[in-house]
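Accompanying notes for the structure given below.
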Amino acid sequence: MYVGSKVLQSIFGLVAKTQSSETFVELSLLVSVGMGAIAKSLGLTDTAGAFAAGILLANTNFRAQIQADILPFKGILLGIFFMDAGSLFDTELVLSELPTVLTGAFSLILLKAITVDRTTAGTRWLEPNRLDPNDAIKLAFLLSGGGEFAFVVLALAEKLEVLPKDLGGLLTAIVLITMAVTPLLGVVAAAISESFTFDQTIHTSSEEGESFVSEDAIVVCGYGDIGKALVEKLNELKSEEETGNPPRVVAFDNSPILMNSILLPSPSSAVMFGDSSNPEVLIAHGVLHPRAIFVSYDDHEQVMAAVARLRYSFRDAPIFTRAQSRGDAQELMEAGATEVVVEFDELPRSAKALMSKVEEDNVKMKAFA
C-alpha cells in the first residue's frame, strides 16, 4: 500500500500538469477497477480491491480534487449499491426470526455507539485534537449502524463456507436494518447532543498553519497575476479590520507548483491545489459558507462556468469577477455574478484622472524650469 501510494502520487502529479479534469476522473476510475481486478485475481472480492483503491486515493495530495471530480458517479453507484444490497434482504427469514433480528440490530447499534464514544473519550493532553463530548455523541450514533464493508466480509464468509447461508442472510438483514435507521439515529444524536453545553476555546497557530481555512473564508478562484494581486489586496484590507475575527483568504489553482505543497503568502491566507470552480472542492476543504468569492480566470467561458456552478451551490455568497466587454459582463450577471468589473470601461473611466496627473506633472516641471 505504501509503494502504491507513492506511485499514484507520481502519476497524479503528471496528470495534474495536463490540467485535465477528464483525465483525473479516468485515472481515478482506472485505479478502482484495476485494484478490483487485482484483488479478484488474488482470491478476494473486487469490493475489497475497490476499498483498497479508496485508501490509496485518499493518501494522495489530490484527494479533495478527486473527491470533487468523481462526485457525479457517487449518486449512481450508491443507487446501484443499495439496489444490490436490498436484493439480499430475505423478508421471509426476517419475519420468521423477527425477535432475533431486532435484538441483533439493537445490540449492534448499542455496542458500536459505546465503542465509538469511548474511543473519543481520551484525555486532552494525550489527544489534543479529540472531539468534544457533544460532537462525540453525534459521531457515535451516526456510526453505530452497520457498514457496507460488512457485506464484503459476509459474502466472502459464505463463499468460503465458513458461515451457514441462513446465518449469513440473518446477519445481512441485521446490517441492512441498522443502515436503514441511520437517518433516525442522526435525529436522536442531534437531540441528545443539544443537552450538552461546553465552553470551547479554539487555539490557532499561524506558524503551524492550523485552521488556515475557515468555513467562511474569502475564496479567490485562480492564482495568476490577477489572483495574486487580489490575495495581496485582501490581506491588506484584512489587516486594517479592527474588530472581530476576520475569515481567512484562500486561493485555489491547478498549478503543478501546488501539487505537493500549500503556499502561505501571509499568516491569514493560503493557496492550495484544486479547481475552485467546482463547489465540491471548496466544501471538501471546509469552506462551507464563503464570505465572498472572486473569480479571476482569464477565459470568459471558464469564468461563466465557474460563476454558474458557484452560484448554484452558494446562493448567498457575493461573487465578483471581471469581463472584457459589457456584453460579457451582462452574461455573467445573468449567470449569477454579484458585481462585474468591465475592463473595457476601466481606461476611459480613468482617462480624466490620468490626464489631470499629466497636467500636474507639467506644471511642476515648468515651476522648476
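Naming scheme: A, B, ... for chains in displayed order of the C-alpha cells; residues 1 onward per chain; ligands 1 onward as shown.
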So which bits of stretch 265-339 of chain A end up alpha helix (DSSP H) when you DSSP the backbone, as a ChimeraX atom specification? /A:279-284,300-313,326-335
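Minimum distance to A:Asn59 across A:Leu8, A:Val188, A:Leu78, A:Ala155 (counting only C-alpha atoms) occurs at A:Leu8.
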Per residue of stretch 141-172 of chain A within 12 Å of stretch 94-100 of chain A, note the shortest atom pair and the distance in Å to one decimal, counting only C-alpha atoms, and order the rows by chain and increasing residue number, as a tab-separated table.
```
residue	atom	partner	partner_atom	distance
A:Asp166	CA	A:Val94	CA	10.5
A:Leu167	CA	A:Glu97	CA	10.8
A:Gly168	CA	A:Val94	CA	12.0
A:Gly169	CA	A:Val94	CA	8.8
A:Leu170	CA	A:Val94	CA	7.0
A:Leu171	CA	A:Thr100	CA	10.1
A:Thr172	CA	A:Val94	CA	10.2
```
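The smallest atom-to-atom distance between A:Val341 and any of A:Leu142, A:Ala323, A:Ala136, A:Ile80, using only C-alpha atoms, is found for A:Ala323.
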